[in-house]
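Have a look at the structure below, then the notes.
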Amino acid sequence: MPGPTLEMERVEPQSLKKLTSKSLKRTLDLFSPLHSQLAPPDPESKKIRMSHKISVEYGGIVPTASQKPPHPADSGAPNRGPSGPSNALALPDSRNIKMEAAQNALVVGPSAPKAPNNIGISGKGTLVVSAPGSYERNPSTSAIMERISSRWPRPEWHAPWKIYRVISGHLGWVRSIAFDPSNKWFCTGSADRTIKIWDVGTGTLQLTLTGHIEQIRGLAVSSRHTYMFSAGDDKQVKCWDLEQNKVIRSYHGHLSGVYCLAIHPTLDILLTGGRDSVCRVWDIRSKMQAHALSGHDNTVCSVFTRPTDPQVVTGSHDSTIKFWDLRYGKTMSTITHHKKSVRAIAQHPKEHAFASASADNIKKFSLPRGEFLHNMLSQQKTIINAMAINEEGVMATGGDNGSLWFWDWKSGHNFQQSQTIVQPGSLDSEAGIYALSYDVTGTRLVSCEADKTIKMWKQDENATPETHPINFKPPKDIRRF
């Protein structure tokens, strides 16, 4: 006959902190029977530790004539203390030191009687460091260091930017923009599912194209063909013939919305990235997918291309930036400096460098190796959706809260902070910038915004370095990541 079954006693769940403190208490019970007393200090280890600290701190200091130990050749016997070899600091012999170094060296002597808090070594060759006139504390090392002027580059002066034209015509958020290589017109894509083409000089509407069934997130105009490319949340990538003003090719393959688009500068290749975490490489003529660059863990929301390796650079919501080998379709390297989604990346038009924008920081990297250069010297403290750089070294970043900040590229100095104004009839919460682009000359900036408007900016011609001086302070602590 089977015996009675015993119910297992339910174990109460405990926090990690409680378990850790229990483990520490057990350890103390095992190894330290006296809880109220600390372990006695070990004099030998303290002596070694102090000797090492003094040797690191004052190893290059030349002893004065009264402190120089006798040379072994003169004394005829090695210098040993009464208790054998000493742990004292061995100072370099002045005969082996060049005259220039000896002249520039700092000579520290015993300027006061030895106090309990002063550092010193007994025996011959004694080095005593004491604060002149003070027996309580030692002088700080920074007080005797030579002041070095900041090597951070000074920012160049740039004129402030101002709005000179507001264009309204779209019926939804304006999400994307691209300029014609001839600089005569530019196109914008919107959440109203249309693409509108505007005259650069006058800001008048020239053409409206329909065909997408969701908002249009990416636009690009080819410099070698009369083609325009568009991509949207409807998973479609379309090629428009601007002579016939109609769609001539569609590229099918994305499994979700397409968020960014770029055209290769020398090859007939189109790159698109989207919510399926893949950057797809398309042959423009044959509509075939050449590669699916997979490796990101989240939406690919920004991409740019260049003629030499790495030919494709992508930024993602997984907070990484990846360099891709276009020949094999594999990752060359991954940059993990950001902590938040990398929603915007922009290449400098002249230098071999690019910048990436995230909610935590705007960072600058070199190309082709992707080495981190520095952070921009201020934080916009918003989600940055768009970024653009012109040849004069003015970088503009647009945020979700409608802030448009202008930066000096070389130094990372933020020289202007502007706030967009929503058009009448819009909510204040619709002050968001979704896309930015300079024209071909770099003298005009166009912003696409959540209040359904397109705003055009230019530099103030009347501004001078006297009327708008640079308020720049070099950074004190340089972060290395």
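In the structure tokens, each chain is lettered A, B, ... as it comes, each chain's residues begin at 1, and ligands are numbered from 1 in order of appearance.
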
Contacts of Ala178 in chain A at 7 Å or less, counting only C-alpha atoms, minus same-chain residues fewer than 4 places along, as a CSV table (one decimal) with N, CA, C and O atoms, in the first residue's frame?
chain,number,residue,atom,x,y,z
A,186,PHE,N,12.6,70.6,-56.9
A,186,PHE,CA,12.8,69.6,-55.9
A,186,PHE,C,11.4,68.9,-55.7
A,186,PHE,O,10.4,69.5,-56.0
A,187,CYS,N,11.5,67.7,-55.2
A,187,CYS,CA,10.3,66.9,-55.0
A,187,CYS,C,10.1,66.6,-53.6
A,187,CYS,O,11.1,66.4,-52.8
A,188,THR,N,8.8,66.5,-53.1
A,188,THR,CA,8.5,66.1,-51.7
A,188,THR,C,7.5,65.0,-51.7
A,188,THR,O,6.6,65.0,-52.6
A,219,LEU,N,12.7,59.5,-51.1
A,219,LEU,CA,12.7,60.0,-52.5
A,219,LEU,C,14.2,60.1,-52.9
A,219,LEU,O,15.0,60.4,-52.1
A,220,ALA,N,14.5,59.9,-54.2
A,220,ALA,CA,15.8,60.1,-54.7
A,220,ALA,C,15.7,60.4,-56.2
A,220,ALA,O,14.8,59.8,-56.9
A,221,VAL,N,16.5,61.3,-56.7
A,221,VAL,CA,16.5,61.7,-58.1
A,221,VAL,C,17.9,61.3,-58.7
A,221,VAL,O,18.9,61.6,-58.2

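Here CA of His254 in chain A and CA of Thr334 in chain A stand 23.0 Å from one another.
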
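Between CA of Tyr251 in chain A and CA of Ser286 in chain A the interatomic distance comes to 9.5 Å.
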
Write out as a PyMOL selection string which residues come within 10 Å of Ser182 in chain A when counting only C-alpha atoms, dropping same-chain ones fewer than 6 positions away.
-> chain A and resi 223+439-440

Just C-alpha atoms for this one: save the residues we selected as a PDB file, in the first residue's frame.
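As a result, selection_7.pdb now contains:
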ATOM      1  CA  SER A 223      21.852  62.305 -61.744  1.00  0.00           C
ATOM      2  CA  ASP A 439      20.039  72.453 -52.565  1.00  0.00           C
ATOM      3  CA  VAL A 440      22.935  71.653 -54.907  1.00  0.00           C
TER       4      VAL A 440
END

Which parts of range 149-179 of chain A does DSSP call strand (DSSP E) when run on the backbone here, written out as a PyMOL selection string?
-> chain A and resi 161-168+174-179

Determine, counting only C-alpha atoms, which protein, DNA and RNA residues have an atom within 9 Å of an atom of range 165-167 of chain A; residues of the same chain fewer than 3 positions away are not included. Present the result as a list in words.
->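 Surrounding residues, per the criterion: His170, Gly203, Thr204, Gln423, Lys452, Thr453, Ile454, Lys455, Met456 and Trp457 of chain A.
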
Test item: residues at most 7 Å from Gln236 in chain A, only C-alpha atoms, excluding those fewer than 2 positions along its chain, as a list in words | Ala231, Gly232, Asp234, Lys238, Tyr251 and His252 of chain A

State, in Å with one decimal place, the distance from CA of Thr194 in chain A to CA of Ile213 in chain A.
-> 8.8 Å

Quick one: of A:Cys448, A:Trp409, A:Asn414, A:Gln459, who's nearest to Pro153 in chain A, counting only C-alpha atoms?
->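 So, comparing all the options, the nearest one is A:Trp409.
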
Excluding same-chain residues fewer than 6 positions from His264 in chain A, what lies within 7 Å of it counting only C-alpha atoms, as JSON, numbers by chain?
-> {"A": [270, 305, 306]}
